[in-house]
$ cat query_30.cif   # mmCIF, C-alpha atoms (C1' of nucleotides)
data_work
loop_
_atom_site.label_atom_id
_atom_site.label_comp_id
_atom_site.auth_asym_id
_atom_site.auth_seq_id
_atom_site.Cartn_x
_atom_site.Cartn_y
_atom_site.Cartn_z
CA MET A 199 -77.27 -25.52 11.93
CA SER A 200 -79.38 -27.57 9.53
CA ASN A 201 -83.09 -26.94 9.12
CA ASP A 202 -83.78 -30.47 10.40
CA ARG A 203 -82.03 -29.71 13.67
CA ILE A 204 -83.97 -26.47 14.12
CA ASP A 205 -87.20 -28.35 13.43
CA ASP A 206 -86.19 -30.90 16.07
CA ILE A 207 -85.68 -28.13 18.63
CA PHE A 208 -89.10 -26.64 17.87
CA GLU A 209 -90.68 -30.09 17.93
CA GLU A 210 -89.16 -30.83 21.34
CA ALA A 211 -90.38 -27.47 22.67
CA PHE A 212 -93.86 -28.22 21.32
CA LYS A 213 -93.96 -31.63 22.97
CA GLY A 214 -92.94 -30.04 26.26
CA SER A 215 -90.55 -31.19 28.94
CA ASN A 216 -90.72 -34.57 30.66
CA ILE A 217 -88.48 -33.24 33.46
CA PHE A 218 -89.76 -29.75 34.31
CA ARG A 219 -93.35 -29.11 35.27
CA ASN A 220 -92.72 -25.43 36.16
CA LYS A 221 -89.14 -24.25 35.70
CA ASN A 222 -89.99 -20.67 36.75
CA VAL A 223 -89.95 -21.59 40.45
CA LEU A 224 -86.20 -22.21 40.22
CA PHE A 225 -85.42 -18.64 39.16
CA HIS A 226 -84.27 -16.00 41.70
CA ASP A 227 -87.21 -13.65 41.21
CA TYR A 228 -89.83 -16.28 42.07
CA ILE A 229 -91.41 -15.62 45.47
CA PRO A 230 -92.83 -18.88 46.86
CA GLU A 231 -95.96 -19.25 48.96
CA ARG A 232 -93.85 -20.29 51.94
CA LEU A 233 -90.35 -19.25 53.04
CA PRO A 234 -89.07 -21.97 55.40
CA PHE A 235 -86.69 -20.99 58.25
CA ARG A 236 -87.49 -17.29 57.85
CA GLU A 237 -90.71 -17.14 59.88
CA SER A 238 -89.32 -14.92 62.66
CA GLN A 239 -87.86 -12.42 60.16
CA ILE A 240 -91.16 -12.35 58.24
CA ASN A 241 -93.07 -11.63 61.45
CA ARG A 242 -90.71 -8.83 62.48
CA VAL A 243 -90.89 -7.14 59.08
CA ALA A 244 -94.69 -7.53 58.96
CA LYS A 245 -94.98 -5.95 62.41
CA ILE A 246 -92.89 -2.97 61.32
CA PHE A 247 -94.94 -2.47 58.14
CA SER A 248 -98.23 -2.82 60.03
CA SER A 249 -97.72 0.45 61.95
CA LEU A 250 -98.43 2.29 58.69
CA ILE A 251 -101.90 0.73 58.55
CA ARG A 252 -102.67 2.59 61.79
CA ARG A 253 -101.02 5.76 60.36
CA GLU A 254 -98.25 5.46 62.94
CA LYS A 255 -94.57 5.94 62.35
CA GLY A 256 -92.86 2.52 62.24
CA SER A 257 -89.26 1.67 63.04
CA ASN A 258 -86.85 1.97 60.19
CA VAL A 259 -84.88 -1.18 59.67
CA PHE A 260 -81.54 -2.38 58.35
CA ILE A 261 -81.40 -5.92 57.02
CA TYR A 262 -78.07 -7.72 56.64
CA GLY A 263 -76.99 -11.08 55.32
CA LYS A 264 -74.81 -12.78 52.75
CA PRO A 265 -76.13 -13.29 49.20
CA GLY A 266 -78.75 -16.02 48.90
CA THR A 267 -79.87 -15.89 52.55
CA GLY A 268 -83.42 -14.80 51.69
CA LYS A 269 -83.31 -11.05 52.52
CA THR A 270 -84.93 -9.84 49.31
CA ALA A 271 -87.30 -12.80 49.18
CA VAL A 272 -88.58 -12.06 52.71
CA ILE A 273 -89.03 -8.35 52.01
CA LYS A 274 -90.82 -8.96 48.70
CA TYR A 275 -92.95 -11.66 50.30
CA VAL A 276 -94.11 -9.35 53.10
CA LEU A 277 -94.45 -6.41 50.70
CA ASN A 278 -96.75 -8.41 48.40
CA LYS A 279 -98.96 -9.45 51.32
CA PHE A 280 -98.93 -5.90 52.68
CA THR A 281 -99.95 -4.26 49.38
CA ASP A 282 -102.68 -6.88 48.87
CA PHE A 283 -104.02 -6.16 52.36
CA VAL A 284 -104.06 -2.35 52.10
CA ARG A 285 -105.61 -2.53 48.62
CA GLU A 286 -108.35 -4.79 49.92
CA LYS A 287 -109.06 -2.50 52.88
CA GLY A 288 -108.92 0.64 50.74
CA ILE A 289 -106.01 2.11 52.74
CA ASN A 290 -103.83 4.57 50.85
CA ILE A 291 -100.11 3.88 51.37
CA HIS A 292 -97.27 4.61 48.95
CA THR A 293 -94.86 1.70 48.62
CA SER A 294 -91.64 1.64 46.65
CA TYR A 295 -89.02 -1.06 46.19
CA VAL A 296 -85.79 -0.01 44.50
CA ASN A 297 -82.66 -2.04 43.88
CA CYS A 298 -79.87 0.54 44.15
CA ARG A 299 -77.35 -1.54 42.19
CA ILE A 300 -79.73 -2.03 39.26
CA ALA A 301 -80.89 1.61 39.40
CA GLY A 302 -77.18 2.50 39.29
CA THR A 303 -77.26 6.19 40.18
CA GLU A 304 -78.77 8.51 42.77
CA TYR A 305 -80.93 10.11 40.11
CA ARG A 306 -82.34 6.78 38.88
CA VAL A 307 -83.12 5.73 42.46
CA LEU A 308 -85.18 8.92 42.78
CA THR A 309 -86.84 8.31 39.40
CA SER A 310 -87.89 4.85 40.55
CA ILE A 311 -89.34 6.16 43.84
CA ALA A 312 -91.08 8.99 41.99
CA GLN A 313 -92.73 6.54 39.61
CA ASP A 314 -94.02 4.46 42.53
CA ILE A 315 -95.60 7.48 44.24
CA GLY A 316 -97.23 8.68 41.04
CA LEU A 317 -94.81 11.44 40.11
CA HIS A 318 -93.27 11.79 36.67
CA LEU A 319 -89.59 12.74 36.54
CA PRO A 320 -87.73 13.14 33.23
CA PHE A 321 -84.97 10.54 32.94
CA THR A 322 -82.38 13.29 32.60
CA GLY A 323 -82.16 17.06 32.56
CA LEU A 324 -82.85 17.80 36.24
CA SER A 325 -80.30 18.11 39.00
CA VAL A 326 -80.41 15.48 41.77
CA GLU A 327 -81.38 18.27 44.20
CA GLU A 328 -84.33 19.28 42.00
CA ALA A 329 -85.48 15.65 41.60
CA LEU A 330 -85.19 15.10 45.36
CA SER A 331 -87.13 18.25 46.20
CA ARG A 332 -89.93 17.23 43.78
CA VAL A 333 -90.18 13.81 45.45
CA ILE A 334 -90.27 15.40 48.92
CA PHE A 335 -92.85 17.96 47.77
CA LYS A 336 -95.06 15.16 46.39
CA ILE A 337 -94.80 13.24 49.68
CA LYS A 338 -95.66 16.40 51.68
CA ASN A 339 -98.50 17.31 49.38
CA ASP A 340 -100.10 13.85 49.29
CA ASN A 341 -99.79 13.38 53.06
CA ILE A 342 -99.97 9.61 52.47
CA PRO A 343 -97.87 7.21 54.59
CA PHE A 344 -94.95 5.80 52.67
CA LEU A 345 -92.80 2.70 52.72
CA ILE A 346 -89.53 2.74 50.79
CA ILE A 347 -87.23 -0.26 50.47
CA PHE A 348 -83.66 0.31 49.33
CA ASP A 349 -82.20 -3.05 48.30
CA GLU A 350 -78.38 -3.18 48.05
CA ILE A 351 -78.37 0.17 49.85
CA ASP A 352 -74.60 -0.07 50.40
CA VAL A 353 -74.05 0.51 46.66
CA LEU A 354 -75.94 3.81 46.85
CA ILE A 355 -74.33 4.99 50.09
CA SER A 356 -70.75 4.12 49.14
CA ARG A 357 -71.02 5.89 45.79
CA TYR A 358 -73.15 8.92 46.59
CA GLY A 359 -73.40 9.27 50.37
CA ASP A 360 -76.60 9.48 52.39
CA LYS A 361 -78.18 12.65 50.99
CA ILE A 362 -81.41 10.92 49.89
CA LEU A 363 -81.83 9.06 53.19
CA TYR A 364 -81.11 12.22 55.18
CA SER A 365 -83.63 14.26 53.22
CA LEU A 366 -86.34 11.61 53.40
CA THR A 367 -86.04 11.08 57.14
CA ARG A 368 -85.78 14.81 57.88
CA SER A 369 -88.82 15.63 55.78
CA GLY A 370 -90.92 12.77 57.09
CA TYR A 371 -92.79 12.37 60.32
CA GLU A 372 -90.97 14.98 62.40
CA SER A 373 -91.99 17.96 60.31
CA LEU A 374 -95.13 16.75 58.57
CA SER A 375 -96.72 13.96 60.55
CA VAL A 376 -96.48 11.70 57.49
CA PRO A 377 -95.82 8.20 58.87
CA TYR A 378 -93.11 6.33 57.02
CA VAL A 379 -90.91 3.25 57.15
CA ILE A 380 -87.57 3.01 55.39
CA VAL A 381 -85.90 -0.37 54.90
CA GLY A 382 -82.26 -0.76 53.89
CA ILE A 383 -81.01 -4.15 52.69
CA SER A 384 -77.30 -4.83 52.45
CA ASN A 385 -74.81 -7.68 51.97
CA ASN A 386 -72.20 -5.58 53.71
CA LEU A 387 -72.35 -5.06 57.47
CA ARG A 388 -69.76 -2.31 57.38
CA PHE A 389 -71.61 0.10 55.10
CA LYS A 390 -72.94 1.98 58.15
CA GLU A 391 -69.48 3.55 58.41
CA TYR A 392 -70.46 5.77 55.47
CA LEU A 393 -73.58 7.09 57.21
CA ASP A 394 -74.01 10.42 58.93
CA PRO A 395 -74.67 9.77 62.67
CA ARG A 396 -78.08 11.50 62.39
CA VAL A 397 -79.12 9.19 59.56
CA LEU A 398 -77.71 6.20 61.42
CA SER A 399 -79.70 6.92 64.57
CA SER A 400 -82.85 7.50 62.56
CA LEU A 401 -82.55 4.53 60.21
CA GLY A 402 -80.86 1.96 62.40
CA GLU A 403 -83.79 1.70 64.81
CA GLU A 404 -84.07 -2.04 64.14
CA GLU A 405 -81.63 -4.50 62.65
CA ILE A 406 -82.39 -7.95 61.29
CA VAL A 407 -79.55 -10.33 60.45
CA PHE A 408 -80.06 -13.23 58.03
CA LYS A 409 -77.74 -16.15 58.76
CA PRO A 410 -76.66 -18.48 55.92
CA TYR A 411 -78.78 -21.59 55.44
CA THR A 412 -77.35 -24.86 56.69
CA ALA A 413 -77.17 -27.94 54.43
CA SER A 414 -80.26 -29.47 56.03
CA GLU A 415 -82.22 -26.22 55.71
CA LEU A 416 -81.21 -25.91 52.06
CA GLU A 417 -82.32 -29.48 51.50
CA VAL A 418 -85.81 -28.70 52.83
CA ILE A 419 -86.00 -25.57 50.63
CA LEU A 420 -84.83 -27.48 47.55
CA ARG A 421 -87.24 -30.35 48.18
CA GLU A 422 -90.15 -27.92 48.38
CA ARG A 423 -89.18 -26.14 45.18
CA ALA A 424 -88.32 -29.36 43.37
CA SER A 425 -91.78 -30.75 44.13
CA ILE A 426 -93.27 -27.85 42.13
CA ALA A 427 -90.52 -27.49 39.52
CA PHE A 428 -90.13 -31.15 38.49
CA TYR A 429 -92.56 -33.89 37.57
CA LYS A 430 -93.06 -36.60 40.18
CA ASP A 431 -90.06 -38.98 40.12
CA ALA A 432 -88.17 -36.74 37.66
CA ILE A 433 -85.43 -36.03 40.20
CA ASP A 434 -83.48 -38.25 42.58
CA LEU A 435 -83.53 -37.32 46.26
CA ALA A 436 -79.75 -37.89 46.23
CA ALA A 437 -79.42 -35.16 43.57
CA ILE A 438 -81.27 -32.69 45.80
CA LYS A 439 -79.10 -33.63 48.79
CA LEU A 440 -75.95 -33.13 46.72
CA ALA A 441 -77.05 -29.69 45.45
CA ALA A 442 -77.84 -28.66 49.05
CA ALA A 443 -74.47 -29.92 50.33
CA LEU A 444 -72.48 -28.20 47.57
CA SER A 445 -74.27 -24.88 48.17
CA ALA A 446 -73.97 -25.13 51.95
CA ALA A 447 -70.21 -25.45 51.50
CA GLU A 448 -70.34 -22.10 49.66
CA HIS A 449 -71.85 -19.92 52.43
CA GLY A 450 -75.37 -21.45 52.34
CA ASP A 451 -76.38 -19.64 49.18
CA ALA A 452 -79.95 -20.67 48.30
CA ARG A 453 -79.80 -18.91 44.92
CA LYS A 454 -76.83 -20.99 43.86
CA ALA A 455 -78.56 -24.15 45.06
CA LEU A 456 -81.64 -23.32 42.94
CA ASP A 457 -79.43 -22.51 39.93
CA MET A 458 -77.75 -25.86 40.34
CA LEU A 459 -81.07 -27.72 40.32
CA ARG A 460 -82.29 -25.80 37.28
CA VAL A 461 -79.10 -26.38 35.27
CA ALA A 462 -79.03 -30.05 36.35
CA GLY A 463 -82.58 -30.40 35.02
CA GLU A 464 -81.57 -28.77 31.73
CA ILE A 465 -78.61 -31.14 31.41
CA ALA A 466 -80.87 -34.14 32.06
CA GLU A 467 -83.23 -32.87 29.33
CA GLU A 468 -80.35 -32.36 26.85
CA LYS A 469 -79.19 -35.91 27.47
CA GLY A 470 -82.68 -37.32 27.09
CA ALA A 471 -82.60 -38.72 30.64
CA SER A 472 -85.88 -39.45 32.39
CA LYS A 473 -84.56 -38.37 35.79
CA VAL A 474 -82.16 -35.77 37.22
CA SER A 475 -79.30 -37.60 38.91
CA GLU A 476 -76.29 -36.74 41.11
CA ASP A 477 -74.09 -36.78 37.99
CA HIS A 478 -76.27 -34.09 36.42
CA VAL A 479 -75.87 -31.96 39.56
CA ARG A 480 -72.09 -32.42 39.48
CA GLU A 481 -72.01 -31.39 35.82
CA ALA A 482 -74.26 -28.41 36.60
CA TYR A 483 -71.88 -27.37 39.37
CA SER A 484 -68.96 -27.04 36.93
CA ARG A 485 -71.11 -25.71 34.08
CA ILE A 486 -72.34 -22.79 36.20
CA ASP A 487 -68.74 -21.61 36.56
CA VAL A 488 -68.06 -21.95 32.82
CA GLU A 489 -71.30 -20.11 32.01
CA ARG A 490 -70.35 -17.36 34.42
CA THR A 491 -66.93 -16.96 32.77
CA TYR A 492 -68.60 -16.91 29.35
CA GLU A 493 -71.07 -14.21 30.38
CA VAL A 494 -68.43 -12.11 32.12
CA VAL A 495 -65.89 -12.21 29.26
CA ARG A 496 -68.50 -11.80 26.52
CA SER A 497 -69.89 -8.63 28.10
CA LEU A 498 -66.51 -6.97 28.71
CA PRO A 499 -65.75 -3.71 26.87
CA LEU A 500 -63.38 -3.81 23.88
CA HIS A 501 -60.25 -2.64 25.72
CA SER A 502 -60.68 -5.17 28.52
CA LYS A 503 -60.80 -7.86 25.83
CA LEU A 504 -57.68 -6.37 24.24
CA ILE A 505 -55.90 -6.60 27.60
CA ILE A 506 -56.93 -10.26 27.87
CA LEU A 507 -55.64 -10.81 24.33
CA SER A 508 -52.34 -9.19 25.36
CA LEU A 509 -52.12 -11.66 28.24
CA ILE A 510 -52.90 -14.59 25.94
CA LYS A 511 -50.25 -13.35 23.48
CA VAL A 512 -47.59 -13.71 26.20
CA GLY A 513 -48.75 -17.23 27.03
CA GLY A 514 -51.13 -16.19 29.79
CA GLY A 515 -48.40 -14.58 31.90
CA PRO A 516 -47.20 -13.92 34.51
CA ILE A 517 -46.00 -10.61 33.12
CA GLN A 518 -45.10 -7.26 34.65
CA ALA A 519 -47.90 -4.66 34.29
CA SER A 520 -45.73 -2.10 32.47
CA LYS A 521 -44.54 -4.75 29.99
CA LEU A 522 -48.11 -5.93 29.44
CA PHE A 523 -49.04 -2.34 28.69
CA GLY A 524 -46.49 -2.38 25.84
CA VAL A 525 -48.02 -5.55 24.38
CA TYR A 526 -51.49 -4.04 24.72
CA LYS A 527 -50.41 -0.88 22.87
CA SER A 528 -48.96 -2.91 20.00
CA ILE A 529 -52.22 -4.89 19.65
CA CYS A 530 -54.19 -1.61 19.65
CA GLU A 531 -51.96 -0.25 16.88
CA SER A 532 -52.39 -3.43 14.84
CA ILE A 533 -56.18 -2.92 14.73
CA GLY A 534 -56.04 0.88 14.43
CA GLU A 535 -57.49 1.46 17.89
CA LYS A 536 -56.23 4.31 20.09
CA PRO A 537 -54.76 2.79 23.29
CA LEU A 538 -56.07 3.94 26.65
CA SER A 539 -53.88 5.75 29.18
CA TYR A 540 -51.82 3.69 31.62
CA ARG A 541 -54.08 4.81 34.48
CA ARG A 542 -57.17 3.48 32.69
CA PHE A 543 -55.30 0.31 31.70
CA HIS A 544 -54.42 -0.13 35.36
CA GLY A 545 -58.08 0.34 36.34
CA LEU A 546 -59.18 -2.31 33.84
CA ILE A 547 -56.58 -4.75 35.21
CA THR A 548 -58.07 -4.18 38.67
CA GLU A 549 -61.56 -4.88 37.31
CA LEU A 550 -60.39 -8.06 35.54
CA SER A 551 -58.80 -9.35 38.72
CA LEU A 552 -61.96 -8.58 40.72
CA LEU A 553 -63.95 -10.53 38.12
CA GLY A 554 -61.61 -13.49 38.49
CA ILE A 555 -60.43 -13.31 34.85
CA ALA A 556 -56.92 -12.12 35.69
CA ASN A 557 -54.78 -12.68 38.73
CA ARG A 558 -52.50 -9.94 40.04
CA ARG A 559 -49.68 -10.44 42.53
CA ILE A 560 -47.33 -7.83 43.91
CA TYR A 561 -43.60 -8.56 44.29
CA ASN A 562 -41.17 -6.14 45.82
CA TYR A 563 -37.61 -6.04 44.55
CA GLY A 564 -36.68 -2.97 46.53
CA ARG A 565 -34.48 -0.20 45.33
CA ARG A 566 -33.16 -2.17 42.36
CA GLY A 567 -36.38 -3.50 40.93
CA GLY A 568 -39.14 -1.58 42.72
CA ARG A 569 -42.62 -2.83 43.31
CA ILE A 570 -43.63 -5.20 40.53
CA SER A 571 -47.20 -6.09 39.68
CA SER A 572 -47.27 -9.51 38.09
CA ILE A 573 -50.35 -10.41 36.07
CA ARG A 574 -51.47 -13.74 34.71
CA ILE A 575 -54.66 -15.06 33.22
CA ASP A 576 -56.97 -16.94 35.58
CA GLY A 577 -58.68 -19.85 33.87
CA SER A 578 -58.37 -21.76 30.64
CA ILE A 579 -56.66 -19.74 27.87
CA ASN A 580 -58.40 -21.71 25.11
CA GLU A 581 -61.81 -21.27 26.71
CA ILE A 582 -61.35 -17.52 27.10
CA LEU A 583 -59.89 -17.21 23.59
CA ASN A 584 -62.94 -18.95 22.13
CA ILE A 585 -65.24 -16.51 23.90
CA ILE A 586 -63.24 -13.52 22.61
CA ARG A 587 -63.36 -14.95 19.08
CA ASP A 588 -67.14 -14.53 19.24
CA ASP A 589 -66.58 -10.77 19.10
CA PRO A 590 -66.75 -9.79 15.40
CA LEU A 591 -64.19 -7.01 15.97
CA LEU A 592 -61.63 -9.45 17.34
CA GLU A 593 -62.26 -12.71 15.47
CA ASP A 594 -59.40 -12.01 13.04
CA ILE A 595 -56.72 -11.08 15.56
CA ALA A 596 -57.59 -13.60 18.27
CA PHE A 597 -54.61 -15.90 17.53
"C1'" DT B 45 -32.36 5.21 58.48
"C1'" DT B 46 -32.86 6.82 54.00
"C1'" DT B 47 -33.38 6.22 49.19
"C1'" DC B 48 -35.43 4.63 45.23
"C1'" DC B 49 -38.20 1.93 42.13
"C1'" DA B 50 -42.55 0.67 40.00
"C1'" DC B 51 -46.91 0.64 41.08
"C1'" DC B 52 -51.56 1.87 43.51
"C1'" DG B 53 -55.49 4.42 43.61
"C1'" DG B 54 -58.15 8.81 44.96
"C1'" DA B 55 -59.75 13.09 43.16
"C1'" DA B 56 -60.82 16.31 39.86
"C1'" DA B 57 -61.41 17.60 35.26
"C1'" DA B 58 -62.47 16.67 30.42
"C1'" DT B 59 -65.27 14.70 26.88
"C1'" DG B 60 -69.23 13.65 24.31
"C1'" DA B 61 -73.83 12.10 23.94
"C1'" DG B 62 -78.04 12.18 25.60
"C1'" DG B 63 -81.62 15.12 27.60
"C1'" DT B 64 -84.77 19.33 30.00
"C1'" DC B 65 -85.98 24.00 31.00
"C1'" DC B 66 -87.10 28.68 30.15
"C1'" DG C 179 -81.55 28.31 21.09
"C1'" DG C 180 -78.65 28.66 24.82
"C1'" DA C 181 -77.89 27.36 29.46
"C1'" DC C 182 -77.73 23.70 32.17
"C1'" DC C 183 -78.40 18.89 33.51
"C1'" DT C 184 -77.00 13.52 33.95
"C1'" DC C 185 -74.09 9.83 32.91
"C1'" DA C 186 -70.33 6.88 31.54
"C1'" DT C 187 -65.83 6.81 30.32
"C1'" DT C 188 -61.35 8.45 30.23
"C1'" DT C 189 -57.33 11.43 31.28
"C1'" DT C 190 -54.35 13.97 34.22
"C1'" DC C 191 -52.25 14.78 38.40
"C1'" DC C 192 -50.12 13.41 42.35
"C1'" DG C 193 -49.48 11.70 47.03
"C1'" DG C 194 -49.01 7.41 48.96
"C1'" DT C 195 -46.85 2.50 49.52
"C1'" DG C 196 -43.63 -1.74 50.51
"C1'" DG C 197 -39.41 -3.29 51.04
"C1'" DA C 198 -34.69 -4.32 49.28
"C1'" DA C 199 -30.54 -1.86 48.65
"C1'" DA C 200 -27.47 1.69 49.90
#
$ encode --input "query_30.cif" --output "structure tokens"
Amino acid sequence: MSNDRIDDIFEEAFKGSNIFRNKNVLFHDYIPERLPFRESQINRVAKIFSSLIRREKGSNVFIYGKPGTGKTAVIKYVLNKFTDFVREKGINIHTSYVNCRIAGTEYRVLTSIAQDIGLHLPFTGLSVEEALSRVIFKIKNDNIPFLIIFDEIDVLISRYGDKILYSLTRSGYESLSVPYVIVGISNNLRFKEYLDPRVLSSLGEEEIVFKPYTASELEVILRERASIAFYKDAIDLAAIKLAAALSAAEHGDARKALDMLRVAGEIAEEKGASKVSEDHVREAYSRIDVERTYEVVRSLPLHSKLIILSLIKVGGGPIQASKLFGVYKSICESIGEKPLSYRRFHGLITELSLLGIANRRIYNYGRRGGRISSIRIDGSINEILNIIRDDPLLEDIAF
DNA sequence: TTTCCACCGGAAAATGAGGTCC
DNA sequence: GGACCTCATTTTCCGGTGGAAA
């Protein structure tokens, strides 16, 4: 890139945008002042939290809904108001919000809770049992009401079981008179199958279901956000309607709708347009998919990329798994890399197909041919190859 | 109905790198 | 300093599984 071009970019940034007034409101983590169509859920959650103000045990609650239906936004919205209120009134309540998928492990979930209740835990070196008992001891010792929100709780439960939930509920109000509320948020309605009946009866006292937004609801949400995010007259109403309709067709996902508006605005800026149009939204719709593929492939580990290269080497497939394994081993040898076991290779194929990079189909040829797993690449070979070429380790062998 | 093929995927163990505790 | 811990990744083992062929 020439110095002139870099200077142009800096110059444009200095001048500022003529499209966006405040792009931040189109990102997922922005909590708006108003959450339309979620008033009843907000009231129910606020009522549950409010019992702690009176030092009374509140109902625990499970919250369900598909991605982008406003679960996390509602909880964070009420939590912000709640913490502001108790701080103002000088009421001492421990609150903790932990995203179980981002935390990743049982131990890190405990570390996050510990931090929020003013307890230091080393980031490794203790057993989960020890960490849990320190958290419980701190709660007992402080005798302060506590509110813990487990977002994406299904990830924690399906991987590690319900030990933390069981211990927290057993050590709470019943034995110590410490009022508490535990909130579990999940995309998956069926995760309760993993719970011990005692935990289920204790935690499932209330359930709130978030239905997907309809196209007209999404339109109202987008119009509100767009009025803050864009300058007056910098976006067509038709563009907002289109983004709402496209997202409504995909399970009413508000996050995707906001992404679409943001990317459409960026495209309009790149093209020097004065207004975001329907065409920009359409382009954003396809660009979001390409960007997703780019991010997914770019962040894959080396051997997953080698498997993709093996698939590209055979023209994208379809190819039998065992034969693909042979191609993969030869590529590994050519770069002096030790190939993984077949079991691990098989696991990576499963991951690639879950990510939508590869497509696996099973054919059964019975006694003569057995059960054949046929794998092919899903998406544009050239596009994926270009992404893999960005990896310095693979730029020379990516044919 | 049984056999057989190639694969699926759960479970446990191994590995190695980071750390804490006493 | 040695025992013990987490964590991510990988290997090893092995009991399914579907369905055409025998």
$ closest_atom_pairs --input "query_30.cif" --of "chain A" --to "chain C" --cutoff "6 Å" --atoms "only C-alpha atoms (C1' of nucleotides)" --output "Markdown table"
| residue | atom | partner | partner_atom | distance |
| --- | --- | --- | --- | --- |
| A:Thr322 | CA | C:DT184 | C1' | 5.6 |
| A:Gly323 | CA | C:DC183 | C1' | 4.3 |
| A:Leu324 | CA | C:DC183 | C1' | 5.3 |
| A:Ser325 | CA | C:DC183 | C1' | 5.9 |
| A:Tyr563 | CA | C:DA198 | C1' | 5.8 |
| A:Gly564 | CA | C:DA198 | C1' | 3.7 |
| A:Arg565 | CA | C:DA199 | C1' | 5.4 |
$ atom_distance --input "query_30.cif" --atom1 "atom CA of A:Lys361" --atom2 "atom CA of A:Leu401"
13.0 Å
$ interface_residues --input "query_30.cif" --of "chain B" --to "chain A" --cutoff "10 Å" --atoms "all atoms listed in the file" --output "list in words"
DT47, DC48, DC49, DA50, DC51, DC52, DG53, DG62, DG63, DT64 and DC65 of chain B
$ residues_around --input "query_30.cif" --residues "A:Ile362" --least-positions-apart "5" --cutoff "9 Å" --atoms "only C-alpha atoms (C1' of nucleotides)" --output "JSON list (two decimals) with C-alpha atoms, in the frame of the given file"
[["chain", "number", "residue", "atom", "x", "y", "z"],
["A", 304, "GLU", "CA", -78.77, 8.51, 42.77],
["A", 308, "LEU", "CA", -85.18, 8.92, 42.78],
["A", 330, "LEU", "CA", -85.19, 15.10, 45.36],
["A", 367, "THR", "CA", -86.04, 11.08, 57.14]]
$ closest_residue --input "query_30.cif" --among "A:Val479, A:Ile486, A:Leu550, A:Val284" --to "A:His501" --atoms "all atoms listed in the file"
A:Leu550
$ resolve_selection --input "query_30.cif" --expression "the PyMOL selection byres ((chain A and resi 555) around 12)" --output "PyMOL selection string"
chain A and resi 487-488+490-496+498+502-503+505-507+509-510+514+546-554+556-558+573-579+581-583
$ residues_around --input "query_30.cif" --residues "A:Ala312" --least-positions-apart "4" --cutoff "10 Å" --atoms "all atoms listed in the file" --output "JSON list (two decimals) with C-alpha atoms, in the coordinates of the input"
[["chain", "number", "residue", "atom", "x", "y", "z"],
["A", 294, "SER", "CA", -91.64, 1.64, 46.65],
["A", 306, "ARG", "CA", -82.34, 6.78, 38.88],
["A", 307, "VAL", "CA", -83.12, 5.73, 42.46],
["A", 308, "LEU", "CA", -85.18, 8.92, 42.78],
["A", 316, "GLY", "CA", -97.23, 8.68, 41.04],
["A", 317, "LEU", "CA", -94.81, 11.44, 40.11],
["A", 318, "HIS", "CA", -93.27, 11.79, 36.67],
["A", 319, "LEU", "CA", -89.59, 12.74, 36.54],
["A", 329, "ALA", "CA", -85.48, 15.65, 41.60],
["A", 330, "LEU", "CA", -85.19, 15.10, 45.36],
["A", 332, "ARG", "CA", -89.93, 17.23, 43.78],
["A", 333, "VAL", "CA", -90.18, 13.81, 45.45],
["A", 334, "ILE", "CA", -90.27, 15.40, 48.92],
["A", 336, "LYS", "CA", -95.06, 15.16, 46.39],
["A", 337, "ILE", "CA", -94.80, 13.24, 49.68]]
$ atom_distance --input "query_30.cif" --atom1 "atom CA of A:Ile300" --atom2 "atom CA of A:Ser484"
27.3 Å
$ atom_distance --input "query_30.cif" --atom1 "atom CA of A:Ala452" --atom2 "atom CA of A:Cys298"
21.6 Å
$ residues_around --input "query_30.cif" --residues "A:Lys269" --least-positions-apart "6" --cutoff "12 Å" --atoms "all atoms listed in the file" --output "ChimeraX atom specification"
/A:226,229,233,235-236,239-240,243,260-263,275-276,347-350,381-385,406-411,451-453
$ residues_around --input "query_30.cif" --residues "A:Lys469" --least-positions-apart "6" --cutoff "12 Å" --atoms "all atoms listed in the file" --output "VMD selection string"
chain A and resid 217 462 to 463 475 477 to 478 481
